[in-house]
file query_38.txt (compact mmCIF, C-alpha atoms)
# COMPACT_ATOMS: atom_id res chain seq x y z
CA MET A 1 3.59 28.92 -21.36
CA ALA A 2 4.25 26.01 -19.02
CA ALA A 3 6.52 26.79 -16.14
CA SER A 4 9.91 25.29 -16.65
CA HIS A 5 11.61 23.73 -13.66
CA GLN A 6 15.29 23.88 -12.96
CA LEU A 7 17.52 21.43 -11.17
CA SER A 8 19.45 22.50 -8.13
CA GLY A 9 22.95 21.21 -7.55
CA PRO A 10 23.18 17.46 -6.84
CA GLU A 11 25.07 18.28 -3.63
CA THR A 12 21.82 19.66 -2.20
CA TRP A 13 19.67 16.63 -3.05
CA VAL A 14 20.43 14.59 0.06
CA ASP A 15 19.47 17.43 2.38
CA THR A 16 16.41 18.49 0.45
CA TYR A 17 14.93 15.15 -0.58
CA GLY A 18 16.82 12.43 1.32
CA ASP A 19 14.28 11.91 4.11
CA TYR A 20 11.30 12.25 1.79
CA LEU A 21 12.62 9.70 -0.70
CA TYR A 22 13.56 7.38 2.13
CA SER A 23 10.05 7.53 3.68
CA PHE A 24 8.59 6.96 0.24
CA ALA A 25 10.74 3.89 -0.38
CA LEU A 26 10.33 2.51 3.13
CA SER A 27 6.55 2.69 2.94
CA ARG A 28 6.72 0.42 -0.09
CA VAL A 29 9.54 -2.01 0.54
CA HIS A 30 9.35 -2.22 4.36
CA ASP A 31 13.04 -2.87 4.78
CA GLU A 32 15.43 -0.16 5.95
CA SER A 33 18.58 -1.24 4.18
CA THR A 34 16.73 -1.90 0.91
CA ALA A 35 15.10 1.53 1.14
CA GLN A 36 18.50 3.15 1.79
CA ASP A 37 20.01 1.39 -1.23
CA LEU A 38 17.10 2.50 -3.40
CA VAL A 39 17.55 6.15 -2.39
CA GLN A 40 21.25 5.93 -3.14
CA GLU A 41 20.63 4.32 -6.53
CA THR A 42 18.01 6.94 -7.30
CA LEU A 43 20.25 9.89 -6.55
CA THR A 44 23.36 8.49 -8.20
CA GLY A 45 21.23 7.50 -11.19
CA ALA A 46 19.77 10.99 -11.31
CA LEU A 47 23.28 12.44 -11.29
CA LYS A 48 24.05 10.50 -14.45
CA THR A 49 20.83 11.30 -16.28
CA ARG A 50 20.30 14.88 -15.13
CA THR A 51 21.35 16.28 -18.49
CA GLY A 52 18.15 14.71 -19.83
CA PHE A 53 15.99 16.65 -17.34
CA LYS A 54 13.48 18.60 -19.42
CA GLY A 55 12.02 20.78 -16.68
CA LYS A 56 8.48 19.55 -17.29
CA ALA A 57 8.06 18.41 -13.71
CA SER A 58 9.57 19.66 -10.49
CA GLU A 59 12.86 18.28 -9.29
CA LYS A 60 11.06 16.43 -6.50
CA THR A 61 8.60 14.81 -8.92
CA TRP A 62 11.43 13.88 -11.24
CA LEU A 63 13.45 12.23 -8.47
CA THR A 64 10.34 10.47 -7.15
CA SER A 65 9.57 9.02 -10.57
CA ILE A 66 13.11 7.63 -10.78
CA LEU A 67 12.66 6.10 -7.33
CA LYS A 68 9.28 4.60 -8.33
CA ASN A 69 10.94 2.81 -11.22
CA LYS A 70 13.72 1.54 -8.97
CA ILE A 71 11.12 0.21 -6.51
CA ILE A 72 9.22 -1.58 -9.28
CA ASP A 73 12.47 -3.11 -10.60
CA PHE A 74 13.27 -4.26 -7.10
CA ILE A 75 9.83 -5.86 -6.61
CA ARG A 76 9.95 -7.45 -10.05
CA LYS A 77 13.32 -9.05 -9.36
CA LYS A 78 12.34 -10.16 -5.89
CA TYR A 79 9.18 -11.89 -7.05
CA ALA A 80 10.42 -12.96 -10.46
CA GLU A 81 9.85 -16.64 -9.85
CA PRO A 82 6.44 -17.75 -11.09
CA MET A 83 3.56 -18.19 -8.68
CA ALA A 84 4.57 -20.79 -6.15
CA ALA A 85 2.95 -22.07 -2.99
CA ASP A 86 2.85 -18.50 -1.69
CA ILE A 87 -0.69 -17.86 -2.87
CA ASN A 88 -2.20 -20.67 -0.84
CA HIS A 89 0.03 -20.33 2.13
CA ASP A 90 -2.30 -18.41 4.39
CA ILE A 91 -5.67 -19.37 2.97
CA THR A 92 -6.49 -21.12 6.23
CA ASP A 93 -6.37 -17.75 8.00
CA ILE A 94 -9.32 -16.60 5.99
CA ASN A 95 -11.23 -19.87 6.12
CA ASP A 96 -10.98 -19.83 9.89
CA GLU A 97 -13.07 -16.65 10.00
CA PHE A 98 -16.08 -18.40 8.44
CA ASP A 99 -18.20 -21.38 9.45
CA ALA A 100 -18.90 -24.35 7.18
CA ALA A 101 -21.84 -22.50 5.59
CA GLY A 102 -19.60 -19.53 4.70
CA HIS A 103 -21.02 -17.16 7.32
CA TRP A 104 -18.82 -15.03 9.57
CA LYS A 105 -18.01 -16.76 12.85
CA THR A 106 -17.71 -13.49 14.77
CA GLY A 107 -17.17 -11.03 11.95
CA PRO A 108 -15.75 -7.53 11.89
CA ALA A 109 -16.08 -5.49 15.09
CA GLN A 110 -17.13 -1.87 15.21
CA TRP A 111 -14.08 0.44 15.13
CA ALA A 112 -15.55 3.82 15.86
CA ALA A 113 -18.85 5.62 15.76
CA ASN A 114 -17.48 8.02 13.20
CA PRO A 115 -15.09 6.62 10.56
CA GLU A 116 -13.93 10.09 9.46
CA GLU A 117 -12.51 10.67 12.90
CA LEU A 118 -10.29 7.64 12.54
CA LEU A 119 -8.67 9.06 9.43
CA ALA A 120 -7.69 12.17 11.32
CA GLN A 121 -5.89 10.18 13.99
CA LYS A 122 -2.18 9.69 13.60
CA SER A 123 -2.19 6.59 15.78
CA PHE A 124 -4.74 4.95 13.50
CA LEU A 125 -2.71 5.70 10.39
CA GLU A 126 0.38 4.36 12.09
CA ILE A 127 -1.45 1.10 12.69
CA VAL A 128 -2.46 0.96 9.02
CA GLN A 129 1.19 1.43 8.04
CA LYS A 130 2.34 -1.19 10.51
CA CYS A 131 -0.24 -3.73 9.32
CA LEU A 132 0.77 -3.17 5.70
CA SER A 133 4.38 -3.92 6.56
CA GLN A 134 3.37 -7.10 8.39
CA LEU A 135 1.67 -8.65 5.37
CA PRO A 136 3.45 -11.52 3.60
CA GLY A 137 5.91 -10.02 1.06
CA LYS A 138 3.99 -10.51 -2.15
CA GLN A 139 0.72 -9.29 -0.66
CA ALA A 140 2.43 -6.21 0.76
CA ALA A 141 3.97 -5.51 -2.63
CA ALA A 142 0.63 -5.88 -4.44
CA MET A 143 -1.15 -3.76 -1.86
CA SER A 144 1.44 -0.95 -2.00
CA LEU A 145 1.33 -0.86 -5.79
CA ARG A 146 -2.47 -0.81 -5.78
CA GLU A 147 -3.24 1.51 -2.88
CA LEU A 148 -0.20 3.76 -2.62
CA ASP A 149 0.69 4.03 -6.29
CA GLY A 150 -2.78 3.49 -7.75
CA LYS A 151 -1.52 0.94 -10.28
CA SER A 152 -4.08 -1.10 -12.21
CA THR A 153 -4.31 -4.81 -11.55
CA GLN A 154 -2.95 -5.41 -15.08
CA ALA A 155 0.18 -3.45 -14.19
CA ILE A 156 0.53 -5.33 -10.91
CA CYS A 157 0.15 -8.70 -12.68
CA LYS A 158 3.07 -7.77 -14.91
CA VAL A 159 5.34 -6.64 -12.10
CA LEU A 160 4.60 -9.70 -9.96
CA ASN A 161 4.38 -12.08 -12.91
CA ILE A 162 0.98 -13.48 -11.93
CA SER A 163 -2.41 -13.87 -13.62
CA ALA A 164 -5.22 -11.36 -13.12
CA THR A 165 -7.18 -13.89 -11.07
CA ASN A 166 -4.23 -14.45 -8.78
CA CYS A 167 -3.81 -10.72 -8.46
CA TRP A 168 -7.41 -10.29 -7.25
CA VAL A 169 -6.96 -13.16 -4.83
CA LEU A 170 -3.72 -11.65 -3.56
CA LEU A 171 -5.33 -8.25 -3.01
CA HIS A 172 -8.38 -9.80 -1.36
CA ARG A 173 -6.16 -11.71 1.02
CA ALA A 174 -4.08 -8.61 1.71
CA ARG A 175 -7.13 -6.51 2.53
CA PHE A 176 -8.65 -9.29 4.61
CA LEU A 177 -5.52 -9.71 6.73
CA MET A 178 -4.88 -5.99 6.98
CA ARG A 179 -8.41 -5.35 8.20
CA LYS A 180 -8.01 -8.00 10.85
CA CYS A 181 -4.60 -6.70 11.91
CA ILE A 182 -5.90 -3.13 12.13
CA GLU A 183 -8.86 -4.26 14.20
CA MET A 184 -6.71 -6.13 16.70
CA ASN A 185 -4.25 -3.28 17.05
CA TRP A 186 -6.81 -0.51 17.12
CA LEU A 187 -9.12 -2.06 19.68
CA ASN A 188 -6.16 -2.84 21.95
CA HIS A 189 -4.94 0.69 21.50
CA GLU A 190 -8.38 2.02 22.52
CA ASP A 191 -8.40 -0.24 25.59
CA ASP A 192 -5.04 1.13 26.69
CA LYS A 193 -6.37 4.66 26.82
CA MET B 194 -27.29 -16.42 -3.09
CA PHE B 195 -23.79 -15.46 -2.07
CA LYS B 196 -22.29 -16.51 1.23
CA CYS B 197 -20.43 -13.99 3.41
CA GLN B 198 -17.15 -15.62 2.47
CA ASP B 199 -17.82 -15.04 -1.25
CA ILE B 200 -19.01 -11.52 -0.55
CA SER B 201 -15.78 -10.61 1.23
CA HIS B 202 -13.85 -11.63 -1.89
CA LEU B 203 -16.26 -9.80 -4.21
CA ILE B 204 -16.14 -6.60 -2.16
CA SER B 205 -12.38 -6.60 -2.58
CA GLN B 206 -12.64 -7.32 -6.33
CA SER B 207 -15.09 -4.47 -6.75
CA MET B 208 -12.25 -2.17 -5.70
CA ASP B 209 -9.99 -3.53 -8.43
CA ARG B 210 -12.24 -4.10 -11.43
CA GLN B 211 -15.68 -3.52 -12.87
CA LEU B 212 -17.80 -6.49 -11.82
CA PRO B 213 -20.78 -7.66 -13.93
CA TRP B 214 -24.03 -5.91 -12.97
CA TYR B 215 -25.68 -9.00 -11.50
CA ILE B 216 -22.72 -9.53 -9.17
CA ARG B 217 -22.88 -5.89 -8.10
CA MET B 218 -26.59 -6.34 -7.39
CA GLY B 219 -25.82 -9.51 -5.46
CA ILE B 220 -23.36 -7.62 -3.26
CA LYS B 221 -25.82 -4.78 -2.77
CA PHE B 222 -28.66 -7.06 -1.67
CA HIS B 223 -26.39 -9.06 0.57
CA VAL B 224 -25.00 -6.08 2.48
CA MET B 225 -28.52 -4.68 2.87
CA MET B 226 -29.37 -7.72 4.93
CA CYS B 227 -26.01 -8.57 6.43
CA ARG B 228 -24.68 -6.10 8.97
CA LEU B 229 -21.29 -7.81 9.23
CA CYS B 230 -20.60 -7.71 5.49
CA LEU B 231 -21.75 -4.09 5.38
CA ARG B 232 -19.25 -3.33 8.12
CA TYR B 233 -16.57 -5.24 6.23
CA GLN B 234 -17.28 -3.20 3.11
CA LYS B 235 -17.11 0.10 5.02
CA GLN B 236 -13.88 -0.86 6.72
CA LEU B 237 -12.20 -1.78 3.44
CA LYS B 238 -13.21 1.61 2.08
CA LEU B 239 -11.80 3.24 5.17
CA ILE B 240 -8.51 1.38 4.71
CA HIS B 241 -8.42 2.59 1.10
CA LEU B 242 -8.94 6.18 2.28
CA SER B 243 -6.31 5.87 4.97
CA PHE B 244 -3.67 5.15 2.33
CA ALA B 245 -4.41 8.50 0.76
CA GLU B 246 -4.01 10.12 4.18
CA LEU B 247 -0.69 8.36 4.66
CA GLU B 248 0.55 9.71 1.34
CA LYS B 249 -0.36 13.22 2.43
CA GLN B 250 1.62 12.72 5.62
CA TYR B 251 4.79 11.70 3.81
CA ASP B 252 4.55 14.89 1.87
CA THR B 253 4.12 17.18 4.84
CA ASP B 254 6.03 15.53 7.65
CA THR B 255 9.46 17.03 7.91
CA CYS B 256 10.88 13.65 8.75
CA HIS B 257 8.48 10.74 8.68
CA ALA B 258 11.35 8.29 8.53
CA CYS B 259 14.82 9.72 8.58
CA LEU B 260 17.67 8.54 6.47
CA PRO B 261 20.53 7.79 8.88
CA GLU B 262 23.30 10.38 8.85
CA GLU B 263 26.02 7.93 7.77
CA VAL B 264 23.95 6.86 4.78
CA LYS B 265 23.45 10.51 3.91
CA ASN B 266 27.18 11.12 4.09
CA ASN B 267 27.82 8.13 1.90
CA ILE B 268 25.43 9.39 -0.74
CA ARG B 269 26.77 12.95 -0.47
CA LYS B 270 30.24 11.64 -1.31
CA LYS B 271 28.89 9.82 -4.35
CA LEU B 272 27.13 12.97 -5.53
CA GLU B 273 30.15 15.23 -5.34
CA THR B 274 30.63 16.50 -8.83
CA PRO B 275 34.20 15.96 -9.92

call {"tool": "encode", "arguments": {"input": "query_38.txt", "output": "structure tokens"}}
result
Amino acid sequence: MAASHQLSGPETWVDTYGDYLYSFALSRVHDESTAQDLVQETLTGALKTRTGFKGKASEKTWLTSILKNKIIDFIRKKYAEPMAADINHDITDINDEFDAAGHWKTGPAQWAANPEELLAQKSFLEIVQKCLSQLPGKQAAAMSLRELDGKSTQAICKVLNISATNCWVLLHRARFLMRKCIEMNWLNHEDDK
Amino acid sequence: MFKCQDISHLISQSMDRQLPWYIRMGIKFHVMMCRLCLRYQKQLKLIHLSFAELEKQYDTDTCHACLPEEVKNNIRKKLETP
């Protein structure tokens, strides 16, 4: 028999899950007051719908899934307007990295002898997080949905109201800029040591 | 033949969809000969992996980012069952 989960009293939610839900939201929307609003909406929404809780998932998973939907609604509303100039706005950044023949001008630098070691370093992960939050809004949204939530590009297209091709371009640009941002921050960080 | 600029876009796409076999071969041959594109490919994979690490951190950190106390109080009030 599957274990059935029970809900604790709503008065305990803020203390038990408040910080977790806030970190979760903040890592995806990159704005403190928006993240705070989303947590509040999630918990007050959960209060209303808790009678429908079936106990199939843990309380934490249940609250997180409500928050995920709130985040997607937020992103959908924010980027509801059809694809505008946004997509081409930083194309020059990428073009600048290549010469006229399409070869790297300088190209990616070496980050570390052993990539696995980087993953174990908190300072490296902090830089990844920081660089994600510095991406242009739509790129950050696409990247969070893809990499943090593992959404398919079809799902991302729907949320952002863009074509599949634009979605691939958006993710390419996001990864390209993130890689560059991480490199600049990480190599500086290493120099400071 | 693909140029490095095309390859950078294709490497990203390969993380989001199944590319046709001849494109996958094209990427493979290119990175065999091009050290910079190979490095680019490895770094994108590393970035992908670091997101998974970040997720783990949110789960274990007691307070990765803390909800300010006044916001907590506000929500607590709203959750008081009448």

call {"tool": "residues_near_point", "arguments": {"input": "query_38.txt", "point": "(1.6, 10.0, 3.6)", "cutoff": "12 Å", "atoms": "all atoms listed in the file", "output": "VMD selection string"}}
result
(chain A and resid 20 to 21 23 to 28 119 122 125 to 126 128 to 129 147 to 149) or (chain B and resid 242 to 258)

call {"tool": "write_last_selection", "arguments": {"input": "query_38.txt", "atoms": "C-alpha atoms", "output": "PDB file, keeping the file's coordinate frame"}}
result
ATOM      1  CA  TYR A  20      11.300  12.250   1.790  1.00  0.00           C
ATOM      2  CA  LEU A  21      12.620   9.700  -0.700  1.00  0.00           C
ATOM      3  CA  SER A  23      10.050   7.530   3.680  1.00  0.00           C
ATOM      4  CA  PHE A  24       8.590   6.960   0.240  1.00  0.00           C
ATOM      5  CA  ALA A  25      10.740   3.890  -0.380  1.00  0.00           C
ATOM      6  CA  LEU A  26      10.330   2.510   3.130  1.00  0.00           C
ATOM      7  CA  SER A  27       6.550   2.690   2.940  1.00  0.00           C
ATOM      8  CA  ARG A  28       6.720   0.420  -0.090  1.00  0.00           C
ATOM      9  CA  LEU A 119      -8.670   9.060   9.430  1.00  0.00           C
ATOM     10  CA  LYS A 122      -2.180   9.690  13.600  1.00  0.00           C
ATOM     11  CA  LEU A 125      -2.710   5.700  10.390  1.00  0.00           C
ATOM     12  CA  GLU A 126       0.380   4.360  12.090  1.00  0.00           C
ATOM     13  CA  VAL A 128      -2.460   0.960   9.020  1.00  0.00           C
ATOM     14  CA  GLN A 129       1.190   1.430   8.040  1.00  0.00           C
ATOM     15  CA  GLU A 147      -3.240   1.510  -2.880  1.00  0.00           C
ATOM     16  CA  LEU A 148      -0.200   3.760  -2.620  1.00  0.00           C
ATOM     17  CA  ASP A 149       0.690   4.030  -6.290  1.00  0.00           C
TER      18      ASP A 149
ATOM     19  CA  LEU B 242      -8.940   6.180   2.280  1.00  0.00           C
ATOM     20  CA  SER B 243      -6.310   5.870   4.970  1.00  0.00           C
ATOM     21  CA  PHE B 244      -3.670   5.150   2.330  1.00  0.00           C
ATOM     22  CA  ALA B 245      -4.410   8.500   0.760  1.00  0.00           C
ATOM     23  CA  GLU B 246      -4.010  10.120   4.180  1.00  0.00           C
ATOM     24  CA  LEU B 247      -0.690   8.360   4.660  1.00  0.00           C
ATOM     25  CA  GLU B 248       0.550   9.710   1.340  1.00  0.00           C
ATOM     26  CA  LYS B 249      -0.360  13.220   2.430  1.00  0.00           C
ATOM     27  CA  GLN B 250       1.620  12.720   5.620  1.00  0.00           C
ATOM     28  CA  TYR B 251       4.790  11.700   3.810  1.00  0.00           C
ATOM     29  CA  ASP B 252       4.550  14.890   1.870  1.00  0.00           C
ATOM     30  CA  THR B 253       4.120  17.180   4.840  1.00  0.00           C
ATOM     31  CA  ASP B 254       6.030  15.530   7.650  1.00  0.00           C
ATOM     32  CA  THR B 255       9.460  17.030   7.910  1.00  0.00           C
ATOM     33  CA  CYS B 256      10.880  13.650   8.750  1.00  0.00           C
ATOM     34  CA  HIS B 257       8.480  10.740   8.680  1.00  0.00           C
ATOM     35  CA  ALA B 258      11.350   8.290   8.530  1.00  0.00           C
TER      36      ALA B 258
END

call {"tool": "residues_around", "arguments": {"input": "query_38.txt", "residues": "Lys196 (chain B)", "least_positions_apart": "6", "cutoff": "9 Å", "atoms": "only C-alpha atoms", "output": "list in words"}}
result
Ala101, Gly102 and His103 of chain A; His223 of chain B

call {"tool": "residues_around", "arguments": {"input": "query_38.txt", "residues": "Phe74 (chain A)", "least_positions_apart": "4", "cutoff": "9 Å", "atoms": "only C-alpha atoms", "output": "PyMOL selection string"}}
result
chain A and resi 29+38+69-70+78-79

call {"tool": "closest_atom_pairs", "arguments": {"input": "query_38.txt", "of": "chain B", "to": "chain A", "cutoff": "9 Å", "atoms": "only C-alpha atoms", "output": "JSON lines"}}
result
{"residue": "B:Phe195", "atom": "CA", "partner": "A:Gly102", "partner_atom": "CA", "distance": 8.9}
{"residue": "B:Lys196", "atom": "CA", "partner": "A:Gly102", "partner_atom": "CA", "distance": 5.3}
{"residue": "B:Cys197", "atom": "CA", "partner": "A:His103", "partner_atom": "CA", "distance": 5.1}
{"residue": "B:Gln198", "atom": "CA", "partner": "A:Gly102", "partner_atom": "CA", "distance": 5.1}
{"residue": "B:Asp199", "atom": "CA", "partner": "A:Gly102", "partner_atom": "CA", "distance": 7.7}
{"residue": "B:Ser201", "atom": "CA", "partner": "A:His172", "partner_atom": "CA", "distance": 7.9}
{"residue": "B:His202", "atom": "CA", "partner": "A:His172", "partner_atom": "CA", "distance": 5.8}
{"residue": "B:Leu203", "atom": "CA", "partner": "A:His172", "partner_atom": "CA", "distance": 8.4}
{"residue": "B:Ile204", "atom": "CA", "partner": "A:His172", "partner_atom": "CA", "distance": 8.4}
{"residue": "B:Ser205", "atom": "CA", "partner": "A:His172", "partner_atom": "CA", "distance": 5.3}
{"residue": "B:Gln206", "atom": "CA", "partner": "A:Trp168", "partner_atom": "CA", "distance": 6.1}
{"residue": "B:Asp209", "atom": "CA", "partner": "A:Thr153", "partner_atom": "CA", "distance": 6.6}
{"residue": "B:Arg210", "atom": "CA", "partner": "A:Thr153", "partner_atom": "CA", "distance": 8.0}
{"residue": "B:Leu229", "atom": "CA", "partner": "A:Gly107", "partner_atom": "CA", "distance": 5.9}
{"residue": "B:Cys230", "atom": "CA", "partner": "A:Pro108", "partner_atom": "CA", "distance": 8.0}
{"residue": "B:Arg232", "atom": "CA", "partner": "A:Pro108", "partner_atom": "CA", "distance": 6.6}
{"residue": "B:Tyr233", "atom": "CA", "partner": "A:Pro108", "partner_atom": "CA", "distance": 6.2}
{"residue": "B:Lys235", "atom": "CA", "partner": "A:Pro115", "partner_atom": "CA", "distance": 8.8}
{"residue": "B:Gln236", "atom": "CA", "partner": "A:Arg179", "partner_atom": "CA", "distance": 7.2}
{"residue": "B:Leu237", "atom": "CA", "partner": "A:Arg175", "partner_atom": "CA", "distance": 7.0}
{"residue": "B:Leu239", "atom": "CA", "partner": "A:Pro115", "partner_atom": "CA", "distance": 7.2}
{"residue": "B:Ile240", "atom": "CA", "partner": "A:Val128", "partner_atom": "CA", "distance": 7.4}
{"residue": "B:His241", "atom": "CA", "partner": "A:Glu147", "partner_atom": "CA", "distance": 6.6}
{"residue": "B:Leu242", "atom": "CA", "partner": "A:Leu119", "partner_atom": "CA", "distance": 7.7}
{"residue": "B:Ser243", "atom": "CA", "partner": "A:Leu119", "partner_atom": "CA", "distance": 6.0}
{"residue": "B:Phe244", "atom": "CA", "partner": "A:Leu148", "partner_atom": "CA", "distance": 6.2}
{"residue": "B:Ala245", "atom": "CA", "partner": "A:Leu148", "partner_atom": "CA", "distance": 7.2}
{"residue": "B:Glu246", "atom": "CA", "partner": "A:Leu119", "partner_atom": "CA", "distance": 7.1}
{"residue": "B:Leu247", "atom": "CA", "partner": "A:Leu125", "partner_atom": "CA", "distance": 6.6}
{"residue": "B:Glu248", "atom": "CA", "partner": "A:Leu148", "partner_atom": "CA", "distance": 7.2}
{"residue": "B:Tyr251", "atom": "CA", "partner": "A:Ser23", "partner_atom": "CA", "distance": 6.7}
{"residue": "B:Asp252", "atom": "CA", "partner": "A:Tyr20", "partner_atom": "CA", "distance": 7.2}
{"residue": "B:Asp254", "atom": "CA", "partner": "A:Tyr20", "partner_atom": "CA", "distance": 8.5}
{"residue": "B:Thr255", "atom": "CA", "partner": "A:Tyr20", "partner_atom": "CA", "distance": 8.0}
{"residue": "B:Cys256", "atom": "CA", "partner": "A:Asp19", "partner_atom": "CA", "distance": 6.0}
{"residue": "B:His257", "atom": "CA", "partner": "A:Ser23", "partner_atom": "CA", "distance": 6.1}
{"residue": "B:Ala258", "atom": "CA", "partner": "A:Ser23", "partner_atom": "CA", "distance": 5.1}
{"residue": "B:Cys259", "atom": "CA", "partner": "A:Asp19", "partner_atom": "CA", "distance": 5.0}
{"residue": "B:Leu260", "atom": "CA", "partner": "A:Asp19", "partner_atom": "CA", "distance": 5.3}
{"residue": "B:Pro261", "atom": "CA", "partner": "A:Gln36", "partner_atom": "CA", "distance": 8.7}
{"residue": "B:Val264", "atom": "CA", "partner": "A:Gln36", "partner_atom": "CA", "distance": 7.2}
{"residue": "B:Lys265", "atom": "CA", "partner": "A:Val14", "partner_atom": "CA", "distance": 6.4}
{"residue": "B:Asn266", "atom": "CA", "partner": "A:Val14", "partner_atom": "CA", "distance": 8.6}
{"residue": "B:Asn267", "atom": "CA", "partner": "A:Gln40", "partner_atom": "CA", "distance": 8.6}
{"residue": "B:Ile268", "atom": "CA", "partner": "A:Gln40", "partner_atom": "CA", "distance": 5.9}
{"residue": "B:Arg269", "atom": "CA", "partner": "A:Glu11", "partner_atom": "CA", "distance": 6.4}
{"residue": "B:Lys270", "atom": "CA", "partner": "A:Glu11", "partner_atom": "CA", "distance": 8.7}
{"residue": "B:Lys271", "atom": "CA", "partner": "A:Thr44", "partner_atom": "CA", "distance": 6.9}
{"residue": "B:Leu272", "atom": "CA", "partner": "A:Glu11", "partner_atom": "CA", "distance": 6.0}
{"residue": "B:Glu273", "atom": "CA", "partner": "A:Glu11", "partner_atom": "CA", "distance": 6.2}
{"residue": "B:Thr274", "atom": "CA", "partner": "A:Pro10", "partner_atom": "CA", "distance": 7.8}

call {"tool": "atom_distance", "arguments": {"input": "query_38.txt", "atom1": "CA of Met208 (chain B)", "atom2": "CA of Leu145 (chain A)"}}
result
13.6 Å

call {"tool": "atom_distance", "arguments": {"input": "query_38.txt", "atom1": "CA of Ser133 (chain A)", "atom2": "CA of Cys181 (chain A)"}}
result
10.8 Å

call {"tool": "closest_residue", "arguments": {"input": "query_38.txt", "among": "B:Ser207, B:Glu263, B:Gly219, B:Met226", "to": "Lys238 (chain B)", "atoms": "only C-alpha atoms"}}
result
B:Ser207
